[in-house]
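Coordinates as given in coords03.txt (compact mmCIF, N, CA and C atoms and all ligand atoms):
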# COMPACT_ATOMS: atom_id res chain seq x y z
N MET A 76 193.39 -6.45 106.08
CA MET A 76 194.06 -5.17 106.34
C MET A 76 193.10 -4.17 106.97
N SER A 77 193.60 -3.38 107.89
CA SER A 77 192.77 -2.33 108.47
C SER A 77 192.62 -1.18 107.49
N ASP A 78 191.63 -0.35 107.74
CA ASP A 78 191.40 0.81 106.87
C ASP A 78 192.64 1.70 106.81
N GLU A 79 193.28 1.85 107.99
CA GLU A 79 194.43 2.73 108.04
C GLU A 79 195.59 2.21 107.19
N SER A 80 195.89 0.93 107.32
CA SER A 80 197.01 0.39 106.55
C SER A 80 196.66 0.33 105.07
N GLN A 81 195.39 0.15 104.74
CA GLN A 81 194.97 0.21 103.33
C GLN A 81 195.26 1.58 102.76
N PHE A 82 194.89 2.59 103.54
CA PHE A 82 195.09 3.94 103.05
C PHE A 82 196.57 4.26 102.93
N LEU A 83 197.35 3.77 103.91
CA LEU A 83 198.79 4.00 103.88
C LEU A 83 199.41 3.32 102.66
N THR A 84 199.02 2.08 102.40
CA THR A 84 199.51 1.35 101.22
C THR A 84 199.20 2.15 99.96
N PHE A 85 197.98 2.61 99.87
CA PHE A 85 197.52 3.38 98.73
C PHE A 85 198.38 4.65 98.55
N ALA A 86 198.57 5.37 99.65
CA ALA A 86 199.31 6.64 99.60
C ALA A 86 200.77 6.39 99.20
N VAL A 87 201.37 5.36 99.76
CA VAL A 87 202.78 5.09 99.48
C VAL A 87 202.97 4.66 98.02
N VAL A 88 202.12 3.74 97.56
CA VAL A 88 202.22 3.27 96.17
C VAL A 88 201.99 4.43 95.22
N TRP A 89 201.01 5.25 95.54
CA TRP A 89 200.66 6.36 94.66
C TRP A 89 201.77 7.40 94.58
N LEU A 90 202.35 7.71 95.74
CA LEU A 90 203.45 8.67 95.80
C LEU A 90 204.65 8.16 95.01
N ALA A 91 204.98 6.88 95.20
CA ALA A 91 206.12 6.28 94.50
C ALA A 91 205.89 6.31 92.99
N LEU A 92 204.68 5.98 92.57
CA LEU A 92 204.35 6.01 91.14
C LEU A 92 204.45 7.42 90.58
N GLY A 93 203.94 8.38 91.35
CA GLY A 93 203.95 9.77 90.90
C GLY A 93 205.37 10.30 90.73
N ILE A 94 206.19 10.07 91.74
CA ILE A 94 207.56 10.55 91.68
C ILE A 94 208.33 9.83 90.57
N GLY A 95 208.18 8.51 90.52
CA GLY A 95 208.88 7.72 89.52
C GLY A 95 208.52 8.14 88.10
N SER A 96 207.22 8.33 87.83
CA SER A 96 206.83 8.65 86.47
C SER A 96 207.24 10.07 86.09
N THR A 97 207.20 11.00 87.06
CA THR A 97 207.64 12.37 86.77
C THR A 97 209.13 12.38 86.42
N LEU A 98 209.92 11.66 87.23
CA LEU A 98 211.35 11.60 86.95
C LEU A 98 211.62 10.95 85.60
N TYR A 99 210.84 9.92 85.29
CA TYR A 99 211.02 9.21 84.02
C TYR A 99 210.73 10.15 82.85
N VAL A 100 209.61 10.85 82.92
CA VAL A 100 209.24 11.76 81.82
C VAL A 100 210.30 12.85 81.67
N ARG A 101 210.74 13.41 82.81
CA ARG A 101 211.73 14.49 82.76
C ARG A 101 213.07 14.03 82.21
N SER A 102 213.38 12.75 82.40
CA SER A 102 214.69 12.26 81.99
C SER A 102 214.75 11.92 80.49
N ARG A 103 213.61 11.95 79.82
CA ARG A 103 213.63 11.67 78.37
C ARG A 103 214.41 12.79 77.68
N PRO A 104 215.25 12.45 76.72
CA PRO A 104 216.14 13.47 76.14
C PRO A 104 215.44 14.47 75.19
N THR A 105 214.41 14.07 74.50
CA THR A 105 213.79 14.99 73.55
C THR A 105 212.32 15.24 73.88
N THR A 106 211.82 16.37 73.40
CA THR A 106 210.44 16.75 73.69
C THR A 106 209.42 15.71 73.20
N PRO A 107 209.55 15.22 71.95
CA PRO A 107 208.57 14.20 71.52
C PRO A 107 208.58 12.96 72.42
N GLU A 108 209.76 12.60 72.90
CA GLU A 108 209.84 11.44 73.79
C GLU A 108 209.20 11.73 75.14
N LYS A 109 209.38 12.97 75.63
CA LYS A 109 208.74 13.37 76.88
C LYS A 109 207.22 13.29 76.74
N ARG A 110 206.75 13.80 75.59
CA ARG A 110 205.32 13.83 75.34
C ARG A 110 204.76 12.41 75.33
N ARG A 111 205.48 11.53 74.61
CA ARG A 111 205.04 10.14 74.50
C ARG A 111 205.08 9.46 75.87
N ALA A 112 206.18 9.69 76.60
CA ALA A 112 206.33 9.07 77.93
C ALA A 112 205.21 9.55 78.86
N HIS A 113 204.90 10.87 78.77
CA HIS A 113 203.85 11.40 79.64
C HIS A 113 202.50 10.77 79.35
N ARG A 114 202.21 10.56 78.06
CA ARG A 114 200.93 9.94 77.70
C ARG A 114 200.83 8.53 78.26
N ILE A 115 201.91 7.78 78.09
CA ILE A 115 201.91 6.40 78.60
C ILE A 115 201.75 6.40 80.12
N MET A 116 202.49 7.31 80.79
CA MET A 116 202.43 7.39 82.25
C MET A 116 201.06 7.82 82.74
N ALA A 117 200.45 8.79 82.02
CA ALA A 117 199.15 9.30 82.47
C ALA A 117 198.09 8.20 82.37
N VAL A 118 198.11 7.46 81.26
CA VAL A 118 197.15 6.37 81.09
C VAL A 118 197.47 5.25 82.10
N GLY A 119 198.77 4.94 82.25
CA GLY A 119 199.19 3.92 83.20
C GLY A 119 198.79 4.28 84.62
N ALA A 120 198.95 5.57 84.96
CA ALA A 120 198.58 6.03 86.31
C ALA A 120 197.07 5.89 86.52
N GLY A 121 196.30 6.20 85.48
CA GLY A 121 194.84 6.05 85.56
C GLY A 121 194.45 4.61 85.81
N VAL A 122 195.06 3.71 85.05
CA VAL A 122 194.78 2.27 85.20
C VAL A 122 195.20 1.80 86.59
N ALA A 123 196.41 2.24 87.02
CA ALA A 123 196.92 1.82 88.33
C ALA A 123 196.03 2.35 89.45
N PHE A 124 195.60 3.59 89.32
CA PHE A 124 194.73 4.20 90.33
C PHE A 124 193.41 3.44 90.40
N GLY A 125 192.84 3.15 89.22
CA GLY A 125 191.59 2.39 89.17
C GLY A 125 191.75 1.01 89.80
N ALA A 126 192.86 0.34 89.48
CA ALA A 126 193.10 -1.01 90.00
C ALA A 126 193.29 -0.99 91.52
N LEU A 127 194.09 -0.01 91.98
CA LEU A 127 194.33 0.12 93.43
C LEU A 127 193.03 0.39 94.19
N THR A 128 192.24 1.32 93.64
CA THR A 128 190.99 1.67 94.30
C THR A 128 190.06 0.47 94.37
N THR A 129 189.99 -0.27 93.24
CA THR A 129 189.11 -1.43 93.19
C THR A 129 189.56 -2.49 94.19
N TRP A 130 190.89 -2.62 94.31
CA TRP A 130 191.45 -3.63 95.20
C TRP A 130 191.26 -3.24 96.66
N LEU A 131 191.58 -1.97 97.00
CA LEU A 131 191.60 -1.56 98.40
C LEU A 131 190.22 -1.10 98.89
N PHE A 132 189.48 -0.49 98.00
CA PHE A 132 188.17 0.04 98.40
C PHE A 132 187.09 -0.42 97.42
N PRO A 133 186.79 -1.73 97.40
CA PRO A 133 185.87 -2.27 96.39
C PRO A 133 184.50 -1.58 96.41
N SER A 134 184.04 -1.17 97.61
CA SER A 134 182.69 -0.60 97.68
C SER A 134 182.60 0.76 97.01
N SER A 135 183.74 1.46 96.88
CA SER A 135 183.67 2.79 96.27
C SER A 135 184.16 2.79 94.82
N ALA A 136 184.49 1.61 94.30
CA ALA A 136 185.07 1.54 92.96
C ALA A 136 184.15 2.11 91.88
N SER A 137 182.85 1.83 91.97
CA SER A 137 181.94 2.29 90.91
C SER A 137 181.84 3.81 90.89
N LEU A 138 182.08 4.42 92.06
CA LEU A 138 182.09 5.89 92.12
C LEU A 138 183.41 6.46 91.63
N MET A 139 184.47 5.75 91.96
CA MET A 139 185.81 6.27 91.69
C MET A 139 186.21 6.14 90.23
N LEU A 140 185.80 5.06 89.59
CA LEU A 140 186.32 4.79 88.25
C LEU A 140 185.99 5.89 87.23
N PRO A 141 184.75 6.38 87.19
CA PRO A 141 184.49 7.50 86.24
C PRO A 141 185.34 8.73 86.56
N VAL A 142 185.57 8.97 87.85
CA VAL A 142 186.41 10.11 88.27
C VAL A 142 187.83 9.91 87.75
N VAL A 143 188.33 8.68 87.85
CA VAL A 143 189.68 8.37 87.37
C VAL A 143 189.80 8.65 85.88
N VAL A 144 188.77 8.26 85.11
CA VAL A 144 188.80 8.48 83.66
C VAL A 144 188.85 9.98 83.36
N VAL A 145 188.02 10.75 84.05
CA VAL A 145 187.99 12.20 83.83
C VAL A 145 189.34 12.82 84.19
N ILE A 146 189.90 12.42 85.33
CA ILE A 146 191.19 12.97 85.76
C ILE A 146 192.29 12.64 84.74
N THR A 147 192.25 11.41 84.22
CA THR A 147 193.26 11.01 83.24
C THR A 147 193.17 11.85 81.97
N VAL A 148 191.94 12.07 81.49
CA VAL A 148 191.75 12.87 80.28
C VAL A 148 192.21 14.32 80.53
N LEU A 149 191.86 14.86 81.71
CA LEU A 149 192.26 16.24 82.03
C LEU A 149 193.78 16.35 82.15
N ASN A 150 194.38 15.34 82.74
CA ASN A 150 195.84 15.31 82.88
C ASN A 150 196.50 15.35 81.51
N LEU A 151 195.99 14.53 80.58
CA LEU A 151 196.54 14.51 79.22
C LEU A 151 196.31 15.84 78.53
N ARG A 152 195.13 16.38 78.71
CA ARG A 152 194.75 17.62 78.06
C ARG A 152 195.52 18.81 78.60
N ASN A 153 195.83 18.80 79.89
CA ASN A 153 196.38 19.98 80.55
C ASN A 153 197.89 19.97 80.73
N THR A 154 198.54 18.98 80.20
CA THR A 154 199.99 18.94 80.29
C THR A 154 200.56 19.12 78.90
N ARG A 155 201.38 20.12 78.74
CA ARG A 155 202.02 20.36 77.44
C ARG A 155 203.52 20.44 77.60
N PHE A 156 204.19 20.21 76.50
CA PHE A 156 205.64 20.26 76.52
C PHE A 156 206.10 21.30 75.52
N CYS A 157 206.98 22.18 76.00
CA CYS A 157 207.49 23.24 75.15
C CYS A 157 208.42 22.65 74.09
N ASP A 158 208.17 22.99 72.82
CA ASP A 158 209.04 22.50 71.75
C ASP A 158 210.40 23.16 71.79
N HIS A 159 210.46 24.34 72.39
CA HIS A 159 211.69 25.11 72.39
C HIS A 159 212.66 24.64 73.48
N CYS A 160 212.18 24.55 74.73
CA CYS A 160 213.10 24.20 75.82
C CYS A 160 212.75 22.87 76.48
N GLY A 161 211.63 22.26 76.10
CA GLY A 161 211.29 20.94 76.63
C GLY A 161 210.61 20.97 77.98
N LYS A 162 210.30 22.15 78.49
CA LYS A 162 209.67 22.22 79.81
C LYS A 162 208.27 21.59 79.81
N MET A 163 207.96 20.86 80.90
CA MET A 163 206.62 20.32 81.07
C MET A 163 205.77 21.41 81.70
N VAL A 164 204.71 21.84 81.02
CA VAL A 164 203.87 22.92 81.53
C VAL A 164 202.51 22.36 81.91
N HIS A 165 202.14 22.53 83.19
CA HIS A 165 200.82 22.08 83.65
C HIS A 165 199.87 23.26 83.62
N MET A 166 198.73 23.08 82.98
CA MET A 166 197.74 24.14 82.97
C MET A 166 196.71 23.87 84.05
N ARG A 167 196.22 24.93 84.65
CA ARG A 167 195.09 24.75 85.54
C ARG A 167 193.85 24.53 84.68
N PRO A 168 192.88 23.75 85.23
CA PRO A 168 191.68 23.48 84.44
C PRO A 168 191.01 24.79 84.02
N PHE A 169 190.48 24.81 82.83
CA PHE A 169 189.73 25.94 82.29
C PHE A 169 190.56 27.19 82.11
N GLU A 170 191.86 27.01 82.04
CA GLU A 170 192.72 28.17 81.80
C GLU A 170 193.48 27.93 80.52
N ARG A 171 193.52 28.90 79.68
CA ARG A 171 194.30 28.76 78.45
C ARG A 171 195.72 29.19 78.71
N MET A 172 196.64 28.39 78.21
CA MET A 172 198.03 28.76 78.37
C MET A 172 198.70 28.49 77.03
N ASP A 173 199.09 29.54 76.36
CA ASP A 173 199.61 29.38 75.01
C ASP A 173 201.12 29.54 74.92
N PHE A 174 201.73 29.97 76.01
CA PHE A 174 203.17 30.21 75.97
C PHE A 174 203.89 29.51 77.12
N CYS A 175 205.10 29.08 76.84
CA CYS A 175 205.92 28.38 77.83
C CYS A 175 206.20 29.30 79.02
N THR A 176 206.09 28.74 80.23
CA THR A 176 206.35 29.55 81.43
C THR A 176 207.84 29.77 81.65
N ARG A 177 208.69 28.99 80.98
CA ARG A 177 210.13 29.16 81.18
C ARG A 177 210.74 30.07 80.11
N CYS A 178 210.44 29.77 78.82
CA CYS A 178 211.15 30.52 77.77
C CYS A 178 210.22 31.40 76.94
N GLY A 179 208.90 31.30 77.15
CA GLY A 179 207.97 32.17 76.45
C GLY A 179 207.63 31.74 75.04
N ALA A 180 208.17 30.61 74.57
CA ALA A 180 207.85 30.12 73.22
C ALA A 180 206.39 29.67 73.17
N PRO A 181 205.75 29.77 71.98
CA PRO A 181 204.37 29.29 71.87
C PRO A 181 204.30 27.79 72.13
N LEU A 182 203.28 27.38 72.88
CA LEU A 182 203.11 25.95 73.16
C LEU A 182 202.29 25.30 72.05
N PRO A 183 202.55 24.03 71.75
CA PRO A 183 201.77 23.34 70.73
C PRO A 183 200.34 23.12 71.21
N ALA A 184 199.44 22.82 70.28
CA ALA A 184 198.04 22.54 70.61
C ALA A 184 197.99 21.34 71.56
N PRO A 185 196.91 21.25 72.38
CA PRO A 185 196.84 20.21 73.41
C PRO A 185 197.12 18.80 72.90
N TRP A 186 196.61 18.44 71.76
CA TRP A 186 196.78 17.06 71.32
C TRP A 186 197.83 16.94 70.22
N ALA A 187 198.63 17.99 70.03
CA ALA A 187 199.62 17.97 68.96
C ALA A 187 200.62 16.83 69.14
N ASP A 188 201.00 16.25 68.07
CA ASP A 188 201.98 15.18 68.11
C ASP A 188 203.35 15.70 67.72
N GLY A 189 204.36 14.98 68.06
CA GLY A 189 205.66 15.29 67.50
C GLY A 189 206.67 15.85 68.46
ZN ZN A 201 210.01 26.70 76.78
Taking this structure as input, can you express it in the form of structure tokens?
Ligand SMILES: [Zn+2]
Amino acid sequence: MSDESQFLTFAVVWLALGIGSTLYVRSRPTTPEKRRAHRIMAVGAGVAFGALTTWLFPSSASLMLPVVVVITVLNLRNTRFCDHCGKMVHMRPFERMDFCTRCGAPLPAPWADG
């Protein structure tokens, strides 16, 4: 495969995964299910990203893999779900966000279960 088609494959697979997993998480009926689905998707996306990178760009894999781990942890840490309205709230890195952007209810702690 040429570099261009490798990159295109990567972009298409990644976009499809991103859209699919977002729709899947949003379609869960309850907040705890959304939270659980998001965790599975975030870890799955990290693994998929690592596998794709290793497959398509083997020479940069050793550089990319630690980055993938950090991004996955930040993604898990920075995504919260409102217990009140179920909205998925993304926080920017290093910013505290304690209230839902849609309904203003207090958001649960980053690693809260339930
Ligand atoms: Zn809310």
message = Show me which residues line ligand ZN 201 (chain A), defined as having an atom within 9 Å of a ligand atom where only C-alpha atoms and all ligand atoms count, and present them as a list of chain:residue names.
response =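 Answer in the requested format: A:Phe156, A:Cys157, A:Asp158, A:His159, A:Cys160, A:Gly161, A:Lys162, A:Met163, A:Val164, A:Phe174, A:Cys175, A:Thr176, A:Arg177, A:Cys178, A:Gly179, A:Ala180, A:Pro181, A:Leu182.
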query = So what do you get for CA of Ala126 in chain A versus CA of Asn150 in chain A, distance-wise?
reply =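 Going from CA of Ala126 in chain A over to CA of Asn150 in chain A covers 18.0 Å.
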request  = Have a look at A:Phe124, A:Phe82, A:Tyr99, A:Phe169 and name the one nearest to Ala112 in chain A; count only C-alpha atoms.
outcome  = A:Tyr99
key: Residue contacts of Thr154 in chain A (10 Å, only C-alpha atoms) excluding same-chain residues fewer than 3 positions away, as a list in words   =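 Skipping anything fewer than 3 positions along the chain leaves Arg110, His113, Arg114, Ala117, Leu149, Asn150, Leu151, Met163, Val164, His165, Met166, Arg167, Pro185 and Trp186 of chain A.
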request  = Provide the CA of Leu127 in chain A to CA of Leu140 in chain A distance in Å, to one decimal place.
outcome  =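 According to the coordinates, CA of Leu127 in chain A and CA of Leu140 in chain A are separated by 10.6 Å.
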task = Measuring atom to atom with all atoms listed in the file, identify which of A:Met172, A:Pro104, A:Val122, A:Lys109 is nearest to Val143 in chain A.
result =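 Checking each of A:Met172, A:Pro104, A:Val122, A:Lys109 against Val143 in chain A, counting all atoms listed in the file, the winner is A:Val122.
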remark   = Between atom N of Gly95 in chain A and CA of Val144 in chain A lies a distance of 20.6 Å
Contacts of Thr128 in chain A at 12 Å (only C-alpha atoms; same-chain gap of 4+ positions) as a PyMOL selection string = chain A and resi 81-82+84-86+88-89+120-124+132-143
Could you write out that same residue set with N, CA and C atoms as a CSV table (one decimal), in the coordinates of the input?
chain,number,residue,atom,x,y,z
A,81,GLN,N,195.4,0.2,104.7
A,81,GLN,CA,195.0,0.2,103.3
A,81,GLN,C,195.3,1.6,102.8
A,82,PHE,N,194.9,2.6,103.5
A,82,PHE,CA,195.1,3.9,103.0
A,82,PHE,C,196.6,4.3,102.9
A,84,THR,N,199.0,2.1,102.4
A,84,THR,CA,199.5,1.4,101.2
A,84,THR,C,199.2,2.2,100.0
A,85,PHE,N,198.0,2.6,99.9
A,85,PHE,CA,197.5,3.4,98.7
A,85,PHE,C,198.4,4.6,98.6
A,86,ALA,N,198.6,5.4,99.6
A,86,ALA,CA,199.3,6.6,99.6
A,86,ALA,C,200.8,6.4,99.2
A,88,VAL,N,202.1,3.7,97.6
A,88,VAL,CA,202.2,3.3,96.2
A,88,VAL,C,202.0,4.4,95.2
A,89,TRP,N,201.0,5.2,95.5
A,89,TRP,CA,200.7,6.4,94.7
A,89,TRP,C,201.8,7.4,94.6
A,120,ALA,N,199.0,5.6,85.0
A,120,ALA,CA,198.6,6.0,86.3
A,120,ALA,C,197.1,5.9,86.5
A,121,GLY,N,196.3,6.2,85.5
A,121,GLY,CA,194.8,6.0,85.6
A,121,GLY,C,194.4,4.6,85.8
A,122,VAL,N,195.1,3.7,85.0
A,122,VAL,CA,194.8,2.3,85.2
A,122,VAL,C,195.2,1.8,86.6
A,123,ALA,N,196.4,2.2,87.0
A,123,ALA,CA,196.9,1.8,88.3
A,123,ALA,C,196.0,2.4,89.4
A,124,PHE,N,195.6,3.6,89.3
A,124,PHE,CA,194.7,4.2,90.3
A,124,PHE,C,193.4,3.4,90.4
A,132,PHE,N,189.5,-0.5,98.0
A,132,PHE,CA,188.2,0.0,98.4
A,132,PHE,C,187.1,-0.4,97.4
A,133,PRO,N,186.8,-1.7,97.4
A,133,PRO,CA,185.9,-2.3,96.4
A,133,PRO,C,184.5,-1.6,96.4
A,134,SER,N,184.0,-1.2,97.6
A,134,SER,CA,182.7,-0.6,97.7
A,134,SER,C,182.6,0.8,97.0
A,135,SER,N,183.7,1.5,96.9
A,135,SER,CA,183.7,2.8,96.3
A,135,SER,C,184.2,2.8,94.8
A,136,ALA,N,184.5,1.6,94.3
A,136,ALA,CA,185.1,1.5,93.0
A,136,ALA,C,184.2,2.1,91.9
A,137,SER,N,182.8,1.8,92.0
A,137,SER,CA,181.9,2.3,90.9
A,137,SER,C,181.8,3.8,90.9
A,138,LEU,N,182.1,4.4,92.1
A,138,LEU,CA,182.1,5.9,92.1
A,138,LEU,C,183.4,6.5,91.6
A,139,MET,N,184.5,5.8,92.0
A,139,MET,CA,185.8,6.3,91.7
A,139,MET,C,186.2,6.1,90.2
A,140,LEU,N,185.8,5.1,89.6
A,140,LEU,CA,186.3,4.8,88.2
A,140,LEU,C,186.0,5.9,87.2
A,141,PRO,N,184.8,6.4,87.2
A,141,PRO,CA,184.5,7.5,86.2
A,141,PRO,C,185.3,8.7,86.6
A,142,VAL,N,185.6,9.0,87.8
A,142,VAL,CA,186.4,10.1,88.3
A,142,VAL,C,187.8,9.9,87.8
A,143,VAL,N,188.3,8.7,87.8
A,143,VAL,CA,189.7,8.4,87.4
A,143,VAL,C,189.8,8.6,85.9
ask   = Would you give me, as a ChimeraX atom specification, the residues in chain A that DSSP reads as strand (DSSP E or B)?
value = /A:154-156,163-165,174,181
Hey, can I get the axis-aligned box for range 113-126 of chain A? All listed atoms, 3 Å padding on each side, centre and edge lengths in Å to one decimal, as lines of an AutoDock Vina configuration file.
center_x = 198.2
center_y = 5.2
center_z = 84.6
size_x = 19.3
size_y = 18.4
size_z = 19.8
Up to 6 Å from (210.6, 18.4, 70.2) in the file's coordinates: name the residues, counting all atoms listed in the file, as a PDB file with N, CA and C atoms, in the coordinates of the input.
ATOM      1  N   THR A 105     214.410  14.070  74.500  1.00  0.00           N
ATOM      2  CA  THR A 105     213.790  14.990  73.550  1.00  0.00           C
ATOM      3  C   THR A 105     212.320  15.240  73.880  1.00  0.00           C
ATOM      4  N   THR A 106     211.820  16.370  73.400  1.00  0.00           N
ATOM      5  CA  THR A 106     210.440  16.750  73.690  1.00  0.00           C
ATOM      6  C   THR A 106     209.420  15.710  73.200  1.00  0.00           C
ATOM      7  N   PRO A 107     209.550  15.220  71.950  1.00  0.00           N
ATOM      8  CA  PRO A 107     208.570  14.200  71.520  1.00  0.00           C
ATOM      9  C   PRO A 107     208.580  12.960  72.420  1.00  0.00           C
ATOM     10  N   ASP A 158     208.170  22.990  72.820  1.00  0.00           N
ATOM     11  CA  ASP A 158     209.040  22.500  71.750  1.00  0.00           C
ATOM     12  C   ASP A 158     210.400  23.160  71.790  1.00  0.00           C
ATOM     13  N   GLY A 189     204.360  14.980  68.060  1.00  0.00           N
ATOM     14  CA  GLY A 189     205.660  15.290  67.500  1.00  0.00           C
ATOM     15  C   GLY A 189     206.670  15.850  68.460  1.00  0.00           C
TER      16      GLY A 189
END
All heavy atoms restored at range 76-84 of chain A, emitted as a compact mmCIF listing (two decimals), in the coordinates of the input:
# COMPACT_ATOMS: atom_id res chain seq x y z
N MET A 76 193.39 -6.45 106.08
CA MET A 76 194.06 -5.17 106.34
C MET A 76 193.10 -4.17 106.97
O MET A 76 191.93 -4.11 106.60
CB MET A 76 194.57 -4.58 105.02
CG MET A 76 196.02 -4.96 104.71
SD MET A 76 196.76 -3.85 103.54
CE MET A 76 195.85 -4.28 102.04
N SER A 77 193.60 -3.38 107.89
CA SER A 77 192.77 -2.33 108.47
C SER A 77 192.62 -1.18 107.49
O SER A 77 193.39 -1.06 106.54
CB SER A 77 193.40 -1.83 109.77
OG SER A 77 194.56 -1.07 109.44
N ASP A 78 191.63 -0.35 107.74
CA ASP A 78 191.40 0.81 106.87
C ASP A 78 192.64 1.70 106.81
O ASP A 78 192.98 2.21 105.77
CB ASP A 78 190.22 1.63 107.39
CG ASP A 78 188.91 1.00 106.95
OD1 ASP A 78 188.95 -0.02 106.23
OD2 ASP A 78 187.86 1.53 107.33
N GLU A 79 193.28 1.85 107.99
CA GLU A 79 194.43 2.73 108.04
C GLU A 79 195.59 2.21 107.19
O GLU A 79 196.20 2.96 106.44
CB GLU A 79 194.90 2.88 109.49
CG GLU A 79 194.79 4.29 110.00
CD GLU A 79 194.99 4.32 111.49
OE1 GLU A 79 196.13 4.08 111.93
OE2 GLU A 79 194.01 4.56 112.22
N SER A 80 195.89 0.93 107.32
CA SER A 80 197.01 0.39 106.55
C SER A 80 196.66 0.33 105.07
O SER A 80 197.54 0.45 104.21
CB SER A 80 197.44 -0.98 107.09
OG SER A 80 196.42 -1.91 106.90
N GLN A 81 195.39 0.15 104.74
CA GLN A 81 194.97 0.21 103.33
C GLN A 81 195.26 1.58 102.76
O GLN A 81 195.79 1.72 101.67
CB GLN A 81 193.47 -0.06 103.21
CG GLN A 81 193.11 -1.51 103.11
CD GLN A 81 191.61 -1.68 103.02
OE1 GLN A 81 190.87 -1.07 103.78
NE2 GLN A 81 191.17 -2.49 102.11
N PHE A 82 194.89 2.59 103.54
CA PHE A 82 195.09 3.94 103.05
C PHE A 82 196.57 4.26 102.93
O PHE A 82 197.00 4.88 101.95
CB PHE A 82 194.40 4.96 103.96
CG PHE A 82 194.45 6.34 103.39
CD1 PHE A 82 193.59 6.70 102.36
CD2 PHE A 82 195.39 7.26 103.83
CE1 PHE A 82 193.66 7.97 101.79
CE2 PHE A 82 195.46 8.52 103.26
CZ PHE A 82 194.60 8.87 102.25
N LEU A 83 197.35 3.77 103.91
CA LEU A 83 198.79 4.00 103.88
C LEU A 83 199.41 3.32 102.66
O LEU A 83 200.22 3.92 101.95
CB LEU A 83 199.40 3.45 105.17
CG LEU A 83 200.77 4.03 105.51
CD1 LEU A 83 200.65 5.51 105.84
CD2 LEU A 83 201.38 3.29 106.70
N THR A 84 199.02 2.08 102.40
CA THR A 84 199.51 1.35 101.22
C THR A 84 199.20 2.15 99.96
O THR A 84 200.06 2.37 99.10
CB THR A 84 198.82 -0.03 101.10
OG1 THR A 84 199.00 -0.73 102.32
CG2 THR A 84 199.38 -0.84 99.94
